[in-house]
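**Q** Below is a structure I'd like to ask you about.
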Amino acid sequence: MDSHSTTMILVLVCLVFLSAYFSATETAFSSLNRIRLKNMASGGNRRAQTALSLSENYDELLSTILVGNNIVNIASTSIATTLFVAALGGSAGPTVSTVVMTVVVLIFGEVSPKSLAKENAESFAMFSAPLLRVLVVVLKPVNFLFTQLKKGLHKIFRVKSDYSMTDSELLTIVEEAEQGGGIDEDEGAMLRNVIEFDDIEAIDIMTPRVDVEAVSFDAKKNDVAALFRSTGFSRLPVYKETIDSIIGVIHEKDFYSFVWDTQQEIDSIIKPAEFIPPSMKVSALLKSLQQSKSHIAVIIDEFGGTEGIVTLEDVLEELVGEIWDEHDRVVQQGFQKVKEGEYRVFCSADLDDLFEFFHISCETEASTINGWILENLDRIPAEGDVFAYQGLTFTVARVENNRTEEVLVRCPADAEKQAEG
């Protein structure tokens, strides 16, 4: 083998290495974690800063990589053909060269480097960034031509770029981060609550009218004090004549500081109430309560009456979960397995959770489990009432104030496996 052939083989090996470099670089920059790279860049890592700068103009970067990769692949194929023709002759040389170079480029120039780069995307992106920055400058004219070509194709085919991320995509990212161990279960639950926060309406988290504790404008001081003691609430709505005519809110601290054991009346400490429609989003409600420095909002129905109330605590619980204080009556929520094929469901649970737990498909106007039971019974429920739905048997187990509090659900073996799954 003469020195010329040796030189060509060394050049061929270098070209295969460059092919591997370009292939790995393409995969690294397409699959790197930009948030992680930003953190390293903000920490003073100069290579991370360079890689981040290159990734911000991804079209130019990709054009540079593809041009470089095609140049080295074409050059390596040409050199290999020359070598094999010289060694095997004009008939067999091109065929053998094509087969050998296809295998070599596929294994060493494509598959292997891309697999390695995907596993270490940020590290390889930072490793390749200095040389890549030089190549971007060198190939600037070529990149400009490709950029103009891309703009022309966009106009011809009317391509619309949408880089926005949907809530469902964000939820998938949170789920993957939770499964990967990047965040724990509590952090994942809080992030999901934040993402879904804008979809929740005030009516979904309100205390319904029948459960609202309020005082009459004409109530005696002893009666107000007794209600504060029995409920443990720090604030109470005040109404005139009926609870449909709420006129404001009184604070326990103001009551004992300015009314109790004084000549002042309740009307002197009434603060204005915040009135909102049932469809108001809780994100907007939170801002409204912050601006008005209020802790309670009254939900008004279509007839102008009181549908329920929402407190600042109710809103915050949608973000951080249940907040219990020493005065709260802890309410059991969710589903308890009583025995094989039977579950006790507390009607404080969400109706959608009931459908999801038992894999029920249902279109209903009801927003609570009690409302759904009313739909199915078509009358006020009583203990012992039974109805069947999609193979499940529902038995009303406890009723208070004409409202179902607990229900027993019996399901066949296959449905129970789905519920437990």
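Going through the structure tokens in order, the chains are called A, B, and so on, while each chain numbers its residues from 1 and the ligands are numbered from 1 in the order shown.
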Using 7 Å as the limit and counting only C-alpha atoms, can you tabulate each residue of range 108-225 of chain A that touches range 16-36 of chain A, with its shortest atom-to-atom distance in Å and the two atoms involved, as a Markdown table?

**A**
```
| residue | atom | partner | partner_atom | distance |
| --- | --- | --- | --- | --- |
| A:Phe108 | CA | A:Ala20 | CA | 6.4 |
| A:Gly109 | CA | A:Ala20 | CA | 4.0 |
| A:Glu110 | CA | A:Ser23 | CA | 5.8 |
| A:Pro113 | CA | A:Ala24 | CA | 5.0 |
| A:Lys114 | CA | A:Ala24 | CA | 4.6 |
| A:Ala117 | CA | A:Ala24 | CA | 5.2 |
| A:Lys118 | CA | A:Ala28 | CA | 5.8 |
| A:Ala121 | CA | A:Ala28 | CA | 4.2 |
| A:Glu122 | CA | A:Leu32 | CA | 5.4 |
| A:Phe124 | CA | A:Ala28 | CA | 6.3 |
| A:Ala125 | CA | A:Ala28 | CA | 5.6 |
| A:Ser128 | CA | A:Thr25 | CA | 6.7 |
```

**Q** Just write the chosen residues, N, CA, C and O atoms, as a tab-separated table (two decimals), in the first residue's frame.

**A**
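Output (out19.tsv):
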```
chain	number	residue	atom	x	y	z
A	108	PHE	N	-21.44	3.50	12.37
A	108	PHE	CA	-20.54	4.42	13.05
A	108	PHE	C	-20.85	5.90	12.82
A	108	PHE	O	-20.41	6.75	13.59
A	109	GLY	N	-21.60	6.20	11.76
A	109	GLY	CA	-21.88	7.60	11.46
A	109	GLY	C	-23.29	8.03	11.80
A	109	GLY	O	-23.56	9.24	11.83
A	110	GLU	N	-24.20	7.08	12.05
A	110	GLU	CA	-25.59	7.44	12.32
A	110	GLU	C	-26.14	6.84	13.62
A	110	GLU	O	-26.37	7.55	14.59
A	113	PRO	N	-23.69	7.02	17.16
A	113	PRO	CA	-23.55	8.37	17.73
A	113	PRO	C	-24.87	9.00	18.14
A	113	PRO	O	-24.94	9.71	19.15
A	114	LYS	N	-25.93	8.73	17.39
A	114	LYS	CA	-27.22	9.31	17.76
A	114	LYS	C	-27.75	8.69	19.05
A	114	LYS	O	-28.35	9.39	19.88
A	117	ALA	N	-25.71	10.23	21.87
A	117	ALA	CA	-26.03	11.65	22.06
A	117	ALA	C	-27.39	11.84	22.73
A	117	ALA	O	-27.57	12.77	23.52
A	118	LYS	N	-28.33	10.98	22.43
A	118	LYS	CA	-29.66	11.09	23.03
A	118	LYS	C	-29.60	10.87	24.53
A	118	LYS	O	-30.33	11.49	25.30
A	121	ALA	N	-27.58	14.32	26.00
A	121	ALA	CA	-27.85	15.41	25.06
A	121	ALA	C	-27.17	16.71	25.47
A	121	ALA	O	-26.48	17.35	24.66
A	122	GLU	N	-27.32	17.14	26.72
A	122	GLU	CA	-26.76	18.42	27.15
A	122	GLU	C	-25.22	18.39	27.11
A	122	GLU	O	-24.58	19.35	26.67
A	124	PHE	N	-23.22	16.51	25.25
A	124	PHE	CA	-22.67	16.50	23.89
A	124	PHE	C	-22.92	17.83	23.20
A	124	PHE	O	-22.09	18.29	22.40
A	125	ALA	N	-24.04	18.47	23.48
A	125	ALA	CA	-24.32	19.78	22.88
A	125	ALA	C	-23.26	20.79	23.31
A	125	ALA	O	-22.77	21.59	22.50
A	128	SER	N	-19.89	19.94	21.54
A	128	SER	CA	-19.84	20.25	20.11
A	128	SER	C	-20.02	21.73	19.81
A	128	SER	O	-19.79	22.18	18.69
```

**Q** What's around range 137-146 of chain A at 9 Å? Count only C-alpha atoms, leave out sequence neighbours fewer than 6 positions away in its own chain, and write the answer as a PyMOL selection string.

**A** chain A and resi 59-61+63-64+67-68

**Q** For those residues, write N, CA, C and O atoms to a file as a CSV table (one decimal), in the first residue's frame.

**A**
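File selection_28.csv, as written:
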```
chain,number,residue,atom,x,y,z
A,59,ASP,N,-33.2,26.8,13.3
A,59,ASP,CA,-33.2,26.6,11.8
A,59,ASP,C,-31.8,26.8,11.2
A,59,ASP,O,-31.4,25.9,10.4
A,60,GLU,N,-31.1,27.8,11.6
A,60,GLU,CA,-29.7,28.0,11.1
A,60,GLU,C,-28.8,26.9,11.6
A,60,GLU,O,-27.9,26.4,10.8
A,61,LEU,N,-29.0,26.5,12.8
A,61,LEU,CA,-28.2,25.4,13.4
A,61,LEU,C,-28.4,24.1,12.6
A,61,LEU,O,-27.4,23.4,12.3
A,63,SER,N,-29.6,23.7,9.6
A,63,SER,CA,-29.0,23.8,8.3
A,63,SER,C,-27.5,23.6,8.2
A,63,SER,O,-27.0,22.9,7.3
A,64,THR,N,-26.8,24.2,9.2
A,64,THR,CA,-25.4,24.0,9.3
A,64,THR,C,-25.0,22.5,9.4
A,64,THR,O,-24.1,22.0,8.8
A,67,VAL,N,-25.9,20.4,6.2
A,67,VAL,CA,-24.9,20.7,5.1
A,67,VAL,C,-23.6,20.0,5.4
A,67,VAL,O,-23.0,19.4,4.6
A,68,GLY,N,-23.1,20.2,6.6
A,68,GLY,CA,-21.8,19.6,7.0
A,68,GLY,C,-21.9,18.1,6.9
A,68,GLY,O,-20.9,17.4,6.4
```

**Q** Using only C-alpha atoms, which of the listed residues (A:Val315, A:Ile276, A:Ile107, A:Ile65) sits closest to Leu132 in chain A?

**A**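 Looking at the shortest contact to Leu132 in chain A, the residue is A:Ile65.
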
**Q** For each of A:Ser115, A:Thr147, A:Gln336, A:Ser55, take the minimum atom-to-atom distance to Phe357 in chain A, counting only C-alpha atoms, then give the residue where this is smallest.

**A**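 When distances to Phe357 in chain A are compared using only C-alpha atoms, the smallest one comes from A:Gln336.
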
**Q** Pick the closest to Thr404 in chain A from A:Phe258, A:Trp372, A:Phe127, A:Tyr343: which is it, counting only C-alpha atoms?

**A** A:Trp372

**Q** Could you pull out the alpha helix (DSSP H) residues of range 108-238 of chain A from DSSP and send them as a VMD selection string?

**A** chain A and resid 112 to 119 121 to 138 140 to 157 167 to 179 185 to 195 202 to 205 221 to 231

**Q** Which residues are near Ser216 in chain A? Cut-off 7 Å, only C-alpha atoms, ignore same chain within fewer than 5 positions. Put them as a list in words.

**A**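 My reading of the contact set: Val238, Tyr239 and Lys240 of chain A.
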
**Q** Would you write out those residues with C-alpha atoms, as a PDB file, in the first residue's frame?

**A**
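Dumped everything to part35.pdb:
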```
ATOM      1  CA  VAL A 238     -75.088  39.188  57.136  1.00  0.00           C
ATOM      2  CA  TYR A 239     -78.535  39.148  55.500  1.00  0.00           C
ATOM      3  CA  LYS A 240     -81.776  41.088  55.668  1.00  0.00           C
TER       4      LYS A 240
END
```

**Q** Would you mind telling me which residue in A:Glu176, A:Gln263, A:Leu351, A:Ile246 lies nearest to Thr364 in chain A when using only C-alpha atoms?

**A**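 Residue with the minimum atom-to-atom distance to Thr364 in chain A: A:Leu351.
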
**Q** Please provide as a list in words all residues within 9 Å of Arg403 in chain A, with the sequence filter that same-chain residues fewer than 4 positions apart are discarded (counting only C-alpha atoms).

**A**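 Selected residues are Asn370, Gly371, Ile380, Pro381, Ala382, Arg398 and Val399 of chain A.
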
**Q** Can you tell me, as a PyMOL selection string, what residues are no more than 8 Å from Val212 in chain A when counting only C-alpha atoms, ignoring any on the same chain fewer than 3 positions away?

**A** chain A and resi 207-209+308-309

**Q** Pull N, CA and C atoms from the residues just selected and write them as a short mmCIF file (atom, residue, chain, number, x, y, z; two decimals), in the first residue's frame.

**A**
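Output file result-v3.cif follows:
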```cif
data_model
loop_
_atom_site.label_atom_id
_atom_site.label_comp_id
_atom_site.auth_asym_id
_atom_site.auth_seq_id
_atom_site.Cartn_x
_atom_site.Cartn_y
_atom_site.Cartn_z
N THR A 207 -69.58 26.70 48.76
CA THR A 207 -70.40 26.11 49.82
C THR A 207 -71.85 26.41 49.45
N PRO A 208 -72.68 25.39 49.20
CA PRO A 208 -74.05 25.66 48.71
C PRO A 208 -74.89 26.41 49.74
N ARG A 209 -75.92 27.04 49.25
CA ARG A 209 -76.79 27.90 50.07
C ARG A 209 -77.27 27.20 51.33
N GLY A 308 -74.66 30.39 46.83
CA GLY A 308 -73.67 29.85 47.74
C GLY A 308 -72.59 30.89 48.01
N ILE A 309 -71.58 30.49 48.74
CA ILE A 309 -70.45 31.39 48.99
C ILE A 309 -69.14 30.67 48.71
#
```

**Q** State, in Å with one decimal place, the distance from CA of Lys38 in chain A to CA of Thr50 in chain A.

**A** 10.7 Å

**Q** Hey, which of A:Val396, A:Leu106, A:Leu131, A:Leu54 ends up closest to Leu377 in chain A? Count only C-alpha atoms.

**A**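 Of the candidates, the smallest distance to Leu377 in chain A is held by A:Val396.
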
**Q** Show which residues sit within 7 Å of range 286-295 of chain A, as a ChimeraX atom specification. Count only C-alpha atoms, and ignore same-chain residues fewer than 2 positions away.

**A** /A:282-284,297,311-312,315

**Q** Could you turn the residues from that selection into a file that holds N, CA, C and O atoms, as a PDB file, in the first residue's frame?

**A**
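Contents of selection-v9.pdb, as written:
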```pdb
ATOM      1  N   VAL A 282     -61.921  30.629  38.995  1.00  0.00           N
ATOM      2  CA  VAL A 282     -61.326  30.851  40.311  1.00  0.00           C
ATOM      3  C   VAL A 282     -60.048  31.672  40.229  1.00  0.00           C
ATOM      4  O   VAL A 282     -59.666  32.340  41.196  1.00  0.00           O
ATOM      5  N   SER A 283     -59.358  31.629  39.082  1.00  0.00           N
ATOM      6  CA  SER A 283     -58.159  32.460  38.925  1.00  0.00           C
ATOM      7  C   SER A 283     -58.538  33.936  38.951  1.00  0.00           C
ATOM      8  O   SER A 283     -57.858  34.754  39.584  1.00  0.00           O
ATOM      9  N   ALA A 284     -59.652  34.288  38.268  1.00  0.00           N
ATOM     10  CA  ALA A 284     -60.133  35.672  38.296  1.00  0.00           C
ATOM     11  C   ALA A 284     -60.685  36.028  39.675  1.00  0.00           C
ATOM     12  O   ALA A 284     -60.525  37.158  40.153  1.00  0.00           O
ATOM     13  N   ALA A 297     -66.730  35.618  48.954  1.00  0.00           N
ATOM     14  CA  ALA A 297     -67.498  36.100  47.807  1.00  0.00           C
ATOM     15  C   ALA A 297     -68.831  35.365  47.787  1.00  0.00           C
ATOM     16  O   ALA A 297     -68.900  34.167  48.065  1.00  0.00           O
ATOM     17  N   THR A 311     -64.936  31.071  49.753  1.00  0.00           N
ATOM     18  CA  THR A 311     -63.965  31.777  50.585  1.00  0.00           C
ATOM     19  C   THR A 311     -62.581  31.715  49.941  1.00  0.00           C
ATOM     20  O   THR A 311     -62.326  30.903  49.046  1.00  0.00           O
ATOM     21  N   LEU A 312     -61.715  32.588  50.413  1.00  0.00           N
ATOM     22  CA  LEU A 312     -60.336  32.585  49.938  1.00  0.00           C
ATOM     23  C   LEU A 312     -59.676  31.239  50.218  1.00  0.00           C
ATOM     24  O   LEU A 312     -58.885  30.743  49.421  1.00  0.00           O
ATOM     25  N   VAL A 315     -60.464  28.751  47.506  1.00  0.00           N
ATOM     26  CA  VAL A 315     -59.663  28.967  46.299  1.00  0.00           C
ATOM     27  C   VAL A 315     -58.262  28.404  46.482  1.00  0.00           C
ATOM     28  O   VAL A 315     -57.742  27.702  45.613  1.00  0.00           O
TER      29      VAL A 315
END
```

**Q** Check the DSSP output for the backbone and give back, as number ranges by chain, the residues of range 147-368 of chain A in strand (DSSP E).

**A** A: 207-208, 215-216, 235-239, 246-251, 274-276, 296-300, 306-311, 335-339, 342-346

**Q** Work out how far apart CA of Asp198 in chain A and CA of Lys281 in chain A are and give it in Å to one decimal.

**A**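 Interatomic distance here is 6.2 Å.
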
**Q** Using only C-alpha atoms, which residues sit within 9 Å of Gly305 in chain A once same-chain residues fewer than 2 positions away are excluded, as a list in words?

**A**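 Here the answer would be Ile243, Asp244, Ser245, Ile246, Ile299, Ile300, Asp301, Glu302, Phe303 and Glu307 of chain A.
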
**Q** Keeping only N, CA, C and O atoms, write those residues as a PDB file, in the first residue's frame.

**A**
```pdb
ATOM      1  N   ILE A 243     -81.716  34.811  53.450  1.00  0.00           N
ATOM      2  CA  ILE A 243     -80.310  34.660  53.055  1.00  0.00           C
ATOM      3  C   ILE A 243     -80.087  35.019  51.587  1.00  0.00           C
ATOM      4  O   ILE A 243     -78.956  35.167  51.131  1.00  0.00           O
ATOM      5  N   ASP A 244     -81.178  35.181  50.847  1.00  0.00           N
ATOM      6  CA  ASP A 244     -81.061  35.638  49.464  1.00  0.00           C
ATOM      7  C   ASP A 244     -80.712  37.119  49.369  1.00  0.00           C
ATOM      8  O   ASP A 244     -80.411  37.617  48.282  1.00  0.00           O
ATOM      9  N   SER A 245     -80.759  37.809  50.513  1.00  0.00           N
ATOM     10  CA  SER A 245     -80.470  39.251  50.527  1.00  0.00           C
ATOM     11  C   SER A 245     -79.270  39.526  51.429  1.00  0.00           C
ATOM     12  O   SER A 245     -79.381  40.188  52.470  1.00  0.00           O
ATOM     13  N   ILE A 246     -78.120  38.983  51.079  1.00  0.00           N
ATOM     14  CA  ILE A 246     -76.899  39.223  51.847  1.00  0.00           C
ATOM     15  C   ILE A 246     -76.431  40.652  51.597  1.00  0.00           C
ATOM     16  O   ILE A 246     -76.319  41.098  50.454  1.00  0.00           O
ATOM     17  N   ILE A 299     -71.976  33.987  45.685  1.00  0.00           N
ATOM     18  CA  ILE A 299     -72.361  33.605  44.323  1.00  0.00           C
ATOM     19  C   ILE A 299     -73.857  33.856  44.144  1.00  0.00           C
ATOM     20  O   ILE A 299     -74.677  33.364  44.927  1.00  0.00           O
ATOM     21  N   ILE A 300     -74.176  34.622  43.108  1.00  0.00           N
ATOM     22  CA  ILE A 300     -75.564  34.999  42.838  1.00  0.00           C
ATOM     23  C   ILE A 300     -76.106  34.158  41.680  1.00  0.00           C
ATOM     24  O   ILE A 300     -75.446  34.014  40.645  1.00  0.00           O
ATOM     25  N   ASP A 301     -77.316  33.608  41.844  1.00  0.00           N
ATOM     26  CA  ASP A 301     -77.910  32.810  40.772  1.00  0.00           C
ATOM     27  C   ASP A 301     -78.611  33.712  39.752  1.00  0.00           C
ATOM     28  O   ASP A 301     -78.606  34.944  39.877  1.00  0.00           O
ATOM     29  N   GLU A 302     -79.237  33.097  38.755  1.00  0.00           N
ATOM     30  CA  GLU A 302     -79.848  33.866  37.658  1.00  0.00           C
ATOM     31  C   GLU A 302     -81.036  34.706  38.102  1.00  0.00           C
ATOM     32  O   GLU A 302     -81.464  35.622  37.397  1.00  0.00           O
ATOM     33  N   PHE A 303     -81.580  34.410  39.291  1.00  0.00           N
ATOM     34  CA  PHE A 303     -82.721  35.173  39.786  1.00  0.00           C
ATOM     35  C   PHE A 303     -82.310  36.246  40.791  1.00  0.00           C
ATOM     36  O   PHE A 303     -83.156  36.914  41.376  1.00  0.00           O
ATOM     37  N   GLU A 307     -76.764  31.679  45.710  1.00  0.00           N
ATOM     38  CA  GLU A 307     -76.560  30.282  45.341  1.00  0.00           C
ATOM     39  C   GLU A 307     -75.570  29.602  46.273  1.00  0.00           C
ATOM     40  O   GLU A 307     -75.607  28.395  46.491  1.00  0.00           O
TER      41      GLU A 307
END
```

**Q** Which residue gives the smallest distance to Val104 in chain A among A:Thr231, A:Thr306, A:Ser3, A:Thr77, with only C-alpha atoms counted?

**A**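 Between A:Thr231, A:Thr306, A:Ser3, A:Thr77, the residue approaching Val104 in chain A most closely is A:Thr77.
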